[in-house]
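J.: Have a peek at my_file26.txt (compact mmCIF, C-alpha atoms).
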```
# COMPACT_ATOMS: atom_id res chain seq x y z
CA MET A 30 20.51 -8.76 2.88
CA ARG A 31 17.86 -10.25 0.65
CA HIS A 32 14.63 -8.31 0.97
CA GLN A 33 11.71 -10.65 1.33
CA MET A 34 8.98 -11.49 3.77
CA VAL A 35 9.87 -14.54 5.82
CA LYS A 36 6.81 -16.52 6.79
CA THR A 37 7.48 -17.17 10.44
CA LYS A 38 5.00 -19.09 12.57
CA ASP A 39 3.32 -15.89 13.74
CA VAL A 40 2.81 -14.66 10.17
CA LYS A 41 1.48 -18.03 9.03
CA GLN A 42 -0.96 -18.18 11.94
CA ALA A 43 -2.18 -14.66 11.22
CA ASP A 44 -2.61 -15.45 7.52
CA GLN A 45 -4.55 -18.61 8.31
CA ALA A 46 -6.72 -16.75 10.82
CA ILE A 47 -7.75 -14.16 8.24
CA ALA A 48 -8.40 -16.84 5.63
CA ASP A 49 -10.62 -18.70 8.11
CA LEU A 50 -12.52 -15.52 9.00
CA LEU A 51 -13.10 -14.79 5.32
CA ASN A 52 -14.10 -18.26 4.24
CA THR A 53 -16.08 -19.74 7.12
CA GLU A 54 -19.81 -19.20 7.26
CA ASN A 55 -22.00 -18.52 10.29
CA ILE A 56 -19.30 -17.37 12.67
CA GLU A 57 -18.55 -14.15 14.48
CA ARG A 58 -16.09 -12.49 12.15
CA MET A 59 -13.85 -10.81 14.62
CA GLY A 60 -10.25 -11.60 15.41
CA VAL A 61 -7.59 -10.13 17.64
CA PHE A 62 -3.82 -9.90 17.14
CA TRP A 63 -1.71 -8.96 20.10
CA GLY A 64 1.88 -9.16 21.24
CA LEU A 65 4.86 -7.35 22.66
CA PRO A 66 6.55 -4.59 20.64
CA GLY A 67 9.10 -5.86 18.15
CA THR A 68 7.36 -9.15 17.42
CA GLY A 69 6.50 -8.15 13.87
CA LYS A 70 2.82 -7.23 14.18
CA THR A 71 2.97 -4.07 12.07
CA THR A 72 4.97 -5.64 9.24
CA ALA A 73 2.73 -8.70 9.24
CA VAL A 74 -0.41 -6.53 9.19
CA ALA A 75 0.95 -4.44 6.31
CA HIS A 76 1.77 -7.62 4.38
CA LEU A 77 -1.64 -9.18 5.04
CA ALA A 78 -3.52 -5.94 4.32
CA ASN A 79 -1.85 -5.77 0.90
CA LEU A 80 -2.45 -9.48 0.32
CA TYR A 81 -6.17 -9.34 1.11
CA ASP A 82 -6.76 -5.72 -0.02
CA GLY A 83 -7.77 -4.84 3.51
CA VAL A 84 -8.90 -1.55 5.00
CA TYR A 85 -6.63 -0.21 7.74
CA ILE A 86 -7.50 2.37 10.36
CA ARG A 87 -5.85 3.41 13.58
CA ALA A 88 -7.82 4.20 16.70
CA LEU A 89 -6.71 7.13 18.82
CA GLY A 90 -7.10 7.92 22.48
CA CYS A 91 -9.72 10.53 21.58
CA SER A 92 -11.57 8.29 19.13
CA SER A 93 -15.34 8.11 19.18
CA VAL A 94 -17.79 6.02 17.18
CA THR A 95 -18.24 8.84 14.68
CA SER A 96 -14.51 9.32 14.18
CA VAL A 97 -13.83 5.60 13.70
CA LEU A 98 -16.68 5.22 11.22
CA GLY A 99 -15.55 8.40 9.48
CA ASP A 100 -12.01 7.04 9.14
CA ILE A 101 -13.32 3.87 7.53
CA CYS A 102 -15.44 5.94 5.12
CA LEU A 103 -12.40 7.98 4.15
CA MET A 104 -10.35 4.86 3.53
CA LEU A 105 -13.10 3.62 1.21
CA GLY A 106 -13.00 6.84 -0.79
CA GLY A 107 -15.99 8.54 0.82
CA LYS A 108 -16.52 11.42 3.21
CA ARG A 109 -17.36 11.72 6.87
CA LEU A 110 -21.15 11.84 7.13
CA LEU A 111 -23.28 13.37 9.80
CA ARG A 112 -25.19 10.29 10.86
CA ARG A 113 -23.56 7.10 12.07
CA SER A 114 -26.20 4.93 10.44
CA ASP A 115 -25.49 6.55 7.07
CA MET A 116 -21.80 5.86 7.49
CA VAL A 117 -22.40 2.22 8.42
CA GLU A 118 -24.57 1.80 5.33
CA TYR A 119 -21.93 3.43 3.16
CA ILE A 120 -19.20 1.24 4.62
CA CYS A 121 -21.17 -1.98 4.22
CA HIS A 122 -22.06 -1.11 0.63
CA HIS A 123 -18.53 -0.17 -0.43
CA LEU A 124 -16.84 -3.08 1.27
CA THR A 125 -18.80 -5.51 -0.86
CA THR A 126 -19.31 -3.55 -4.08
CA GLU A 127 -16.84 -2.02 -6.48
CA ALA A 128 -17.15 1.76 -6.61
CA VAL A 129 -17.16 2.26 -10.38
CA THR A 130 -18.94 -0.76 -11.80
CA ASN A 131 -21.13 -1.71 -8.80
CA ASN A 132 -20.09 -5.34 -9.23
CA PRO A 133 -19.80 -7.46 -6.10
CA VAL A 134 -16.25 -7.95 -4.84
CA PRO A 135 -14.81 -10.48 -2.37
CA PRO A 136 -15.07 -9.39 1.27
CA ARG A 137 -12.17 -7.30 2.53
CA PRO A 138 -10.87 -7.46 6.10
CA ILE A 139 -10.83 -4.34 8.26
CA PHE A 140 -7.76 -3.89 10.46
CA VAL A 141 -8.19 -1.68 13.51
CA ASP A 142 -4.82 -0.82 15.05
CA GLU A 143 -4.37 0.34 18.65
CA ALA A 144 -7.70 -1.31 19.36
CA ASP A 145 -7.13 -0.91 23.10
CA TYR A 146 -8.70 2.52 22.73
CA CYS A 147 -11.86 0.97 21.25
CA PHE A 148 -12.67 -0.62 24.59
CA ARG A 149 -13.14 2.76 26.21
CA GLN A 150 -16.42 3.11 24.32
CA VAL A 151 -18.63 0.07 23.93
CA ASP A 152 -20.46 1.60 20.96
CA ILE A 153 -17.32 1.42 18.81
CA LEU A 154 -17.19 -2.35 19.04
CA ASP A 155 -20.96 -2.59 18.55
CA SER A 156 -20.66 -0.57 15.34
CA LEU A 157 -17.81 -2.80 14.13
CA ARG A 158 -19.97 -5.81 14.90
CA ASP A 159 -22.79 -4.34 12.82
CA ILE A 160 -20.37 -3.87 9.95
CA TYR A 161 -19.12 -7.43 9.93
CA ASP A 162 -22.65 -8.79 10.46
CA ILE A 163 -24.08 -6.90 7.50
CA SER A 164 -21.16 -6.97 5.08
CA GLY A 165 -19.53 -10.29 6.01
CA CYS A 166 -16.14 -8.59 6.12
CA PRO A 167 -14.07 -9.64 9.12
CA VAL A 168 -12.75 -7.13 11.63
CA ILE A 169 -9.31 -7.70 13.10
CA LEU A 170 -8.36 -5.81 16.23
CA ILE A 171 -4.67 -5.25 16.80
CA GLY A 172 -3.37 -4.25 20.16
CA MET A 173 -0.65 -4.43 22.74
CA GLU A 174 -0.04 -7.30 25.11
CA ASN A 175 -2.92 -6.47 27.47
CA ILE A 176 -5.73 -6.34 24.95
CA ALA A 177 -6.40 -10.06 25.10
CA ARG A 178 -6.66 -9.91 28.87
CA THR A 179 -9.03 -6.92 28.63
CA ILE A 180 -11.25 -8.77 26.18
CA ARG A 181 -11.30 -11.94 28.26
CA GLU A 182 -12.39 -9.99 31.31
CA ASN A 183 -15.33 -8.66 29.33
CA GLY A 184 -17.32 -11.76 28.43
CA ARG A 185 -19.64 -9.87 26.12
CA PHE A 186 -16.81 -9.13 23.69
CA ALA A 187 -14.89 -12.33 24.26
CA ARG A 188 -17.73 -14.32 22.77
CA ARG A 189 -17.49 -12.30 19.54
CA ILE A 190 -13.82 -13.05 18.95
CA THR A 191 -13.26 -16.19 16.90
CA GLN A 192 -9.55 -15.94 16.20
CA TRP A 193 -7.01 -15.13 18.92
CA ILE A 194 -3.51 -14.76 17.51
CA GLU A 195 -0.65 -13.88 19.81
CA PHE A 196 2.58 -12.69 18.23
CA VAL A 197 5.09 -14.38 20.50
CA GLY A 198 8.17 -13.59 18.44
CA ILE A 199 10.52 -15.97 16.72
CA ASP A 200 11.63 -19.32 18.06
CA ILE A 201 14.90 -21.01 17.10
CA GLU A 202 13.35 -22.63 14.03
CA ASP A 203 12.06 -19.28 12.81
CA ALA A 204 15.46 -17.74 13.53
CA THR A 205 17.17 -20.39 11.41
CA GLN A 206 14.63 -19.85 8.63
CA VAL A 207 15.14 -16.07 8.70
CA ALA A 208 18.92 -16.44 8.62
CA ALA A 209 18.71 -18.87 5.70
CA GLU A 210 16.31 -16.79 3.61
CA VAL A 211 17.50 -13.28 4.30
CA CYS A 212 21.22 -13.45 4.98
CA GLU A 213 23.58 -13.54 2.04
CA VAL A 214 26.23 -15.48 3.97
CA GLN A 215 25.75 -18.82 5.65
CA VAL A 216 25.42 -18.37 9.40
CA GLN A 217 26.34 -21.40 11.46
CA PRO A 218 23.78 -22.77 13.94
CA ASP A 219 25.85 -21.86 16.99
CA LEU A 220 25.94 -18.20 15.95
CA ILE A 221 22.19 -18.24 15.14
CA ASP A 222 21.54 -19.67 18.59
CA TYR A 223 23.71 -17.00 20.22
CA LEU A 224 22.00 -14.23 18.25
CA TRP A 225 18.54 -15.58 19.06
CA ARG A 226 19.27 -15.68 22.78
CA GLU A 227 20.60 -12.13 22.69
CA THR A 228 17.46 -10.83 20.95
CA SER A 229 14.87 -12.45 23.26
CA ARG A 230 12.60 -13.52 20.38
CA ASN A 231 12.44 -9.97 19.01
CA ILE A 232 12.54 -10.21 15.25
CA GLY A 233 13.45 -6.55 14.81
CA ARG A 234 16.59 -6.90 16.90
CA PHE A 235 17.34 -10.25 15.28
CA LYS A 236 17.40 -8.63 11.87
CA ILE A 237 19.67 -5.83 13.07
CA GLY A 238 22.10 -8.35 14.53
CA LEU A 239 21.97 -10.45 11.39
CA ASP A 240 22.74 -7.40 9.30
CA LYS A 241 25.84 -6.68 11.39
CA ILE A 242 27.01 -10.28 11.13
CA GLU A 243 26.51 -10.29 7.39
CA LYS A 244 28.43 -7.05 6.91
CA PHE A 245 31.29 -8.38 9.05
CA ALA A 246 31.43 -11.61 7.05
CA LEU A 247 31.26 -9.87 3.67
CA SER A 248 33.94 -7.35 4.62
CA ASN A 249 36.23 -10.26 5.58
CA GLY A 250 35.41 -12.16 2.40
CA ALA A 251 33.88 -15.10 4.27
CA ALA A 252 31.05 -17.16 2.85
CA THR A 253 30.18 -18.70 6.21
CA ILE A 254 30.52 -17.37 9.72
CA SER A 255 30.36 -19.12 13.05
CA ARG A 256 30.34 -18.16 16.72
CA ALA A 257 34.10 -18.50 16.91
CA ASP A 258 34.54 -16.11 13.95
CA TRP A 259 32.29 -13.53 15.57
CA GLY A 260 34.00 -13.75 18.90
CA ASN A 261 33.00 -11.35 21.64
CA ARG A 262 32.02 -8.46 19.44
CA PRO A 263 28.94 -6.67 20.70
CA LEU A 264 25.78 -7.13 18.71
CA TYR A 265 23.91 -4.27 20.28
CA TYR A 266 24.58 -1.33 22.48
CA ASP A 267 21.99 -1.94 25.15
CA GLN A 268 21.26 -0.01 28.29
CA PRO A 269 24.08 -0.45 30.80
CA ASN A 270 23.39 -2.09 34.12
CA PHE A 271 24.47 0.15 36.94
CA GLY A 272 25.21 -1.19 40.37
CA LYS A 273 24.08 0.46 43.57
CA LEU A 274 25.47 3.96 43.89
CA ARG A 275 28.03 4.19 46.69
CA LYS A 276 28.01 7.32 48.74
CA MET B 30 8.78 -12.02 -14.89
CA SER B 31 10.79 -14.16 -12.51
CA LYS B 32 9.43 -17.04 -10.49
CA GLY B 33 7.57 -15.95 -7.37
CA THR B 34 6.76 -12.45 -8.64
CA LYS B 35 3.31 -11.32 -9.59
CA ARG B 36 2.19 -8.93 -12.28
CA TYR B 37 0.56 -5.94 -10.62
CA SER B 38 -1.27 -3.20 -12.40
CA ALA B 39 0.37 0.15 -11.77
CA GLY B 40 -2.68 1.45 -9.95
CA HIS B 41 -2.88 -1.55 -7.64
CA LEU B 42 0.82 -1.34 -6.83
CA ARG B 43 0.55 2.35 -5.98
CA LYS B 44 -2.42 1.53 -3.77
CA CYS B 45 -0.38 -1.12 -1.92
CA ILE B 46 2.51 1.32 -1.45
CA TRP B 47 0.14 3.94 -0.09
CA ARG B 48 -1.44 1.44 2.26
CA SER B 49 1.98 0.38 3.56
CA LEU B 50 2.86 4.04 4.12
CA ILE B 51 -0.30 4.61 6.12
CA ILE B 52 0.36 1.55 8.26
CA MET B 53 4.06 2.04 8.85
CA ASN B 54 4.31 5.87 8.56
CA THR B 55 7.75 5.66 6.97
CA VAL B 56 8.95 3.05 4.50
CA THR B 57 12.07 2.03 2.69
CA ILE B 58 12.32 0.15 -0.57
CA PRO B 59 13.26 -3.09 1.26
CA SER B 60 10.30 -2.80 3.60
CA LEU B 61 7.96 -2.27 0.65
CA ILE B 62 9.36 -5.35 -1.06
CA CYS B 63 8.63 -7.29 2.15
CA THR B 64 5.09 -6.02 2.66
CA ILE B 65 3.88 -6.17 -0.94
CA PRO B 66 3.71 -9.85 -1.86
CA GLY B 67 5.49 -11.00 -4.99
CA VAL B 68 6.82 -7.68 -6.26
CA SER B 69 10.33 -6.96 -7.50
CA GLY B 70 12.61 -4.17 -6.38
CA ASP B 71 12.74 -2.40 -9.74
CA THR B 72 8.96 -2.26 -9.99
CA VAL B 73 8.67 -0.79 -6.51
CA ARG B 74 11.38 1.78 -7.21
CA ARG B 75 9.62 2.95 -10.37
CA ALA B 76 6.28 3.28 -8.58
CA VAL B 77 7.85 5.12 -5.65
CA ARG B 78 9.63 7.48 -8.03
CA ALA B 79 6.34 8.23 -9.80
CA LEU B 80 4.68 9.10 -6.49
CA GLU B 81 7.66 11.25 -5.55
CA ILE B 82 7.51 13.18 -8.82
CA HIS B 83 3.83 13.92 -8.30
CA GLY B 84 4.39 15.13 -4.76
CA TYR B 85 2.68 12.39 -2.79
CA ILE B 86 5.77 11.10 -0.98
CA GLY B 87 9.09 12.62 -0.10
CA LYS B 88 12.51 11.49 1.06
CA ARG B 89 13.51 11.98 4.65
CA PRO B 90 16.91 13.62 5.00
CA GLY B 91 19.57 11.21 6.12
CA ARG B 92 23.26 10.46 5.91
CA ALA B 93 25.07 9.22 2.84
CA GLY B 94 25.10 5.45 2.51
CA GLU B 95 21.94 4.91 4.54
CA THR B 96 18.80 3.39 3.09
CA THR B 97 16.46 6.10 1.85
CA VAL B 98 13.39 6.57 3.99
CA TYR B 99 10.17 7.81 2.42
CA ALA B 100 7.21 9.44 4.11
CA ARG B 101 3.89 10.78 2.93
CA THR B 102 3.67 14.45 1.99
CA ASP B 103 -0.02 14.30 1.17
CA ASP B 104 -2.76 13.54 3.69
CA THR B 105 -5.20 11.90 1.33
CA PRO B 106 -6.34 8.58 2.85
CA LEU B 107 -7.05 6.93 -0.49
CA LEU B 108 -4.70 7.41 -3.42
CA PRO B 109 -6.63 8.72 -6.46
CA ALA B 110 -6.35 7.16 -9.90
CA THR B 111 -4.75 10.32 -11.31
CA CYS B 112 -2.59 12.95 -9.68
CA HIS B 113 -4.80 15.65 -8.21
CA HIS B 114 -2.02 18.24 -8.46
CA CYS B 115 -1.72 18.16 -12.24
CA GLY B 116 -4.84 16.13 -13.10
CA LYS B 117 -2.84 13.68 -15.22
CA SER B 118 -1.65 10.09 -14.98
CA PHE B 119 1.01 9.07 -12.49
CA SER B 120 3.02 7.56 -15.33
CA LEU B 121 4.03 11.03 -16.56
CA LYS B 122 7.56 12.02 -15.69
CA VAL B 123 6.60 15.60 -14.87
CA CYS B 124 3.85 16.96 -12.67
CA GLU B 125 2.87 20.21 -14.34
CA LYS B 126 -0.74 21.28 -14.50
CA ASP B 127 -0.55 23.33 -17.70
CA LYS B 128 1.85 21.15 -19.61
CA GLU B 129 0.26 19.34 -22.55
CA THR B 130 1.07 15.71 -23.07
CA LYS B 131 1.88 14.30 -26.53
CA LYS B 132 -1.49 12.60 -26.65
CA GLU B 133 -3.30 15.82 -25.82
CA LYS B 134 -1.38 17.67 -28.52
CA GLN B 135 -2.28 14.99 -31.07
CA THR B 136 -5.93 15.06 -30.07
CA LYS B 137 -5.94 18.82 -30.42
CA ARG B 138 -4.40 18.59 -33.89
CA GLU B 139 -6.99 16.01 -34.99
CA LYS B 140 -9.88 18.13 -33.80
CA LEU B 141 -8.73 21.25 -35.67
CA PRO B 142 -10.71 21.88 -38.90
CA GLN B 143 -8.67 20.94 -41.99
CA VAL B 144 -8.47 24.03 -44.21
CA GLU B 145 -8.11 23.21 -47.93
CA THR B 146 -6.36 25.85 -49.94
CA VAL B 147 -6.58 26.23 -53.72
CA ALA B 148 -2.98 26.55 -54.87
CA GLU B 149 -1.80 29.08 -57.53
CA SER B 150 -5.19 29.56 -59.16
CA GLY B 151 -5.71 33.05 -57.98
CA THR B 152 -9.18 32.22 -56.85
CA LYS B 153 -10.21 32.62 -53.29
CA PRO B 154 -9.40 29.61 -51.11
CA ALA B 155 -12.22 27.18 -50.47
CA ALA B 156 -14.06 27.67 -47.21
CA ASP B 157 -15.41 24.83 -45.09
CA TYR B 158 -16.08 21.92 -47.37
CA PRO B 159 -18.74 21.09 -48.42
CA TYR B 160 -19.80 24.73 -48.57
CA GLU B 161 -22.90 26.06 -50.11
CA GLY B 162 -22.78 26.01 -53.87
CA TRP B 163 -19.72 23.73 -54.01
CA HIS B 164 -21.24 21.83 -56.91
CA VAL B 165 -21.69 24.98 -59.01
CA LEU B 166 -18.88 25.80 -61.40
CA PRO B 167 -17.32 29.21 -60.91
CA GLN B 168 -18.34 31.66 -63.64
CA GLU B 169 -14.82 32.26 -64.99
CA LEU B 170 -14.25 28.52 -65.35
CA LYS B 171 -17.55 28.21 -67.16
CA ASP B 172 -16.55 31.03 -69.54
CA ARG B 173 -13.14 29.46 -70.21
CA LEU B 174 -14.65 26.04 -70.97
CA THR B 175 -17.30 27.56 -73.20
CA GLU B 176 -14.61 29.46 -75.12
CA GLU B 177 -12.59 26.27 -75.60
CA VAL B 178 -15.56 24.35 -76.85
CA THR B 179 -16.43 27.17 -79.23
CA ASN B 180 -12.84 27.34 -80.51
CA ASP B 181 -12.79 23.56 -81.03
CA ALA B 182 -16.05 23.70 -82.87
CA ALA B 183 -14.72 26.42 -85.02
```
Taking this structure as input, can you express it in the form of structure tokens?
T.:
Amino acid sequence: MRHQMVKTKDVKQADQAIADLLNTENIERMGVFWGLPGTGKTTAVAHLANLYDGVYIRALGCSSVTSVLGDICLMLGGKRLLRRSDMVEYICHHLTTEAVTNNPVPPRPIFVDEADYCFRQVDILDSLRDIYDISGCPVILIGMENIARTIRENGRFARRITQWIEFVGIDIEDATQVAAEVCEVQVQPDLIDYLWRETSRNIGRFKIGLDKIEKFALSNGAATISRADWGNRPLYYDQPNFGKLRK
Amino acid sequence: MSKGTKRYSAGHLRKCIWRSLIIMNTVTIPSLICTIPGVSGDTVRRAVRALEIHGYIGKRPGRAGETTVYARTDDTPLLPATCHHCGKSFSLKVCEKDKETKKEKQTKREKLPQVETVAESGTKPAADYPYEGWHVLPQELKDRLTEEVTNDAA
């Protein structure tokens, strides 16, 4: 397998969303990424955080305002401070200024993973809003599939979100692109279609299946492989479906 | 540098690797190549090896033939510029606190005072130069020169 990041539609949308949040003036600089597990959110966030030199923190079920602000301070090379206002000032200063030379730096996005927990305390989101208002650095909330619904039900927060990016998984075009860029053998369209239907748009499972297909083709010395060549071999070992138990 | 790759400074690359580790908890070399834009496999392997030597990441045990999985062994949220175990650069192949590097040894040699010795004259070796009275001829030398001049005159 060739190791490279394939820019699927979800990744391109997320990249564009962060670029818009960074470069557009006079907007609320908050975005939300959500989607089902296995749609590539974590890999995309890691790629974008490295691309934009972002700050990444993870909210916990027991998180409070102080703990979230403290985590951001630690990620910026500081310490947890006693007062929240001191921590917000520290964060805003170090997001926009280089530590050693005190020169201004381009704004850096803040990624807050498992942001569903942030909605348990309103003050956490208010503090994040203060940070992006003062520093101009966008805040991107990442959550599971219900976070968007939770935000929409709360109009106060919904108005602050400018970019809503749902990771829906790969479509057939993305699947063809992934197979072309990553696989070292040529996979015929009928096999790509079969693999895509088996994976239900899950890019993680798609990659696993593609890896198996590639290994099979390489071990048989084939440069291309089609649905007929693959046959009825199982791609995955999924949960079995049991019928009703007879007494 | 091949097309599509970027030139990263070593510090920035280590920072990206650390950030990927924090986000994904465990990484492999292929996943690092995917999440760090425009970097080559060899560069990532070298940087990962440097972090492993200095005790910041470790390999997870696995079976032979599987891709090696790395995890953090240090809880620091932000990777420092130098290793805080040995206090030296990450580029060193060994993480030993008391071991002197070549540069340190050279600096130490340059700072040592250079002692000049007077060879085979039987006189006492010169102390720190310029020492007090360095411009004054020693008495025995003065006597010898005077005797020569007198002999020549004679």
J.: Measure the distance from atom CA of A:Val40 to atom CA of A:His76 in Å and round it to one decimal.
T.: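 Separation of atom CA of A:Val40 and atom CA of A:His76: 9.2 Å.
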J.: Can you work out which residues from chain A touch chain B at a cut-off of 6 Å (counting only C-alpha atoms) and hand them back as a list in words?
T.: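 Per the criterion, chain A yields His32, Gln33, Met34, Ala75, His76, Asn79, Met104 and Gly106 of chain A.
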J.: With only C-alpha atoms as the counted atoms, please give the residues lying no more than 9 Å from A:Thr125, apart from itself and same-chain residues fewer than 5 positions off, as a PyMOL selection string.
T.: chain A and resi 120+132-137+164-166
J.: Have a look at atom CA of B:Ala110 and atom CA of B:Lys126 and let me know their distance in Å, one decimal.
T.: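 Interatomic distance here is 15.9 Å.
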J.: For B:Ser38, which residue out of B:Thr57, B:Thr102, B:Ser120, B:Thr97 is the nearest one, using all atoms listed in the file?
T.: B:Ser120
J.: Would you mind listing what lies within 12 Å of A:Met116 as an MDAnalysis selection string, with only C-alpha atoms counted and same-chain residues fewer than 2 positions away left out?
T.: chainID A and resid 94:103 105 107:114 118:124 156:157 159:160
J.: Could you check which of B:Thr55, B:Lys117, B:Ala76, B:Pro167 is closest to B:Arg101, using only C-alpha atoms?
T.: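 Among B:Thr55, B:Lys117, B:Ala76, B:Pro167, it is B:Thr55 that comes nearest to B:Arg101.
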J.: Quick one: residues within 12 Å of A:Thr53, all atoms listed in the file, excluding same-chain residues fewer than 2 positions away - as an NGL selection string?
T.: :A and (45-51 or 55-59 or 136 or 165-167 or 191-192)
J.: May I ask for the distance between atom CA of A:Leu80 and atom CA of A:Lys41, given in Å to one decimal place?
T.: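 If I compute the distance from atom CA of A:Leu80 to atom CA of A:Lys41, I get 12.8 Å.
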J.: Can you pull out the residues contacting A:Asn261? Cut-off 12 Å, using all atoms listed in the file, and skip same-chain residues under 5 positions away; I want them as an NGL selection string.
T.: :A and (220 or 223-224 or 255-256)
J.: Restricting the calculation to all atoms listed in the file, which member of A:Ala78, A:Ile232, A:Leu154, A:Ala251 is positioned closest to A:Leu65?
T.: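 Among A:Ala78, A:Ile232, A:Leu154, A:Ala251, it is A:Ile232 that comes nearest to A:Leu65.
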J.: Excluding same-chain residues fewer than 3 positions from A:Met30, what lies within 8 Å of it counting all atoms listed in the file, as a PyMOL selection string?
T.: chain A and resi 211-213+240+243
J.: Return stretch 59-73 of chain A, completed with N, CA and C atoms, as a PDB file, in the frame of the given file.
T.:
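Output saved as part01.pdb:
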```pdb
ATOM      1  N   MET A  59     -14.748 -11.752  13.970  1.00  0.00           N
ATOM      2  CA  MET A  59     -13.850 -10.810  14.620  1.00  0.00           C
ATOM      3  C   MET A  59     -12.636 -11.563  15.123  1.00  0.00           C
ATOM      4  N   GLY A  60     -11.477 -10.986  14.929  1.00  0.00           N
ATOM      5  CA  GLY A  60     -10.250 -11.600  15.410  1.00  0.00           C
ATOM      6  C   GLY A  60      -9.426 -10.571  16.147  1.00  0.00           C
ATOM      7  N   VAL A  61      -8.462 -11.054  16.910  1.00  0.00           N
ATOM      8  CA  VAL A  61      -7.590 -10.130  17.640  1.00  0.00           C
ATOM      9  C   VAL A  61      -6.148 -10.593  17.501  1.00  0.00           C
ATOM     10  N   PHE A  62      -5.255  -9.665  17.180  1.00  0.00           N
ATOM     11  CA  PHE A  62      -3.820  -9.900  17.140  1.00  0.00           C
ATOM     12  C   PHE A  62      -3.203  -9.096  18.283  1.00  0.00           C
ATOM     13  N   TRP A  63      -2.380  -9.713  19.050  1.00  0.00           N
ATOM     14  CA  TRP A  63      -1.710  -8.960  20.100  1.00  0.00           C
ATOM     15  C   TRP A  63      -0.311  -9.497  20.314  1.00  0.00           C
ATOM     16  N   GLY A  64       0.517  -8.729  20.958  1.00  0.00           N
ATOM     17  CA  GLY A  64       1.880  -9.160  21.240  1.00  0.00           C
ATOM     18  C   GLY A  64       2.734  -8.004  21.707  1.00  0.00           C
ATOM     19  N   LEU A  65       3.913  -8.356  22.168  1.00  0.00           N
ATOM     20  CA  LEU A  65       4.860  -7.350  22.660  1.00  0.00           C
ATOM     21  C   LEU A  65       5.405  -6.541  21.476  1.00  0.00           C
ATOM     22  N   PRO A  66       5.924  -5.346  21.739  1.00  0.00           N
ATOM     23  CA  PRO A  66       6.550  -4.590  20.640  1.00  0.00           C
ATOM     24  C   PRO A  66       7.759  -5.334  20.085  1.00  0.00           C
ATOM     25  N   GLY A  67       7.932  -5.238  18.787  1.00  0.00           N
ATOM     26  CA  GLY A  67       9.100  -5.860  18.150  1.00  0.00           C
ATOM     27  C   GLY A  67       8.872  -7.298  17.718  1.00  0.00           C
ATOM     28  N   THR A  68       7.634  -7.760  17.817  1.00  0.00           N
ATOM     29  CA  THR A  68       7.360  -9.150  17.420  1.00  0.00           C
ATOM     30  C   THR A  68       6.879  -9.247  15.989  1.00  0.00           C
ATOM     31  N   GLY A  69       6.810  -8.107  15.298  1.00  0.00           N
ATOM     32  CA  GLY A  69       6.500  -8.150  13.870  1.00  0.00           C
ATOM     33  C   GLY A  69       5.035  -7.963  13.528  1.00  0.00           C
ATOM     34  N   LYS A  70       4.259  -7.406  14.447  1.00  0.00           N
ATOM     35  CA  LYS A  70       2.820  -7.230  14.180  1.00  0.00           C
ATOM     36  C   LYS A  70       2.579  -6.261  13.029  1.00  0.00           C
ATOM     37  N   THR A  71       3.244  -5.107  13.070  1.00  0.00           N
ATOM     38  CA  THR A  71       2.970  -4.070  12.070  1.00  0.00           C
ATOM     39  C   THR A  71       3.360  -4.535  10.674  1.00  0.00           C
ATOM     40  N   THR A  72       4.533  -5.154  10.554  1.00  0.00           N
ATOM     41  CA  THR A  72       4.970  -5.640   9.240  1.00  0.00           C
ATOM     42  C   THR A  72       4.039  -6.727   8.743  1.00  0.00           C
ATOM     43  N   ALA A  73       3.642  -7.620   9.639  1.00  0.00           N
ATOM     44  CA  ALA A  73       2.730  -8.700   9.240  1.00  0.00           C
ATOM     45  C   ALA A  73       1.379  -8.123   8.809  1.00  0.00           C
TER      46      ALA A  73
END
```
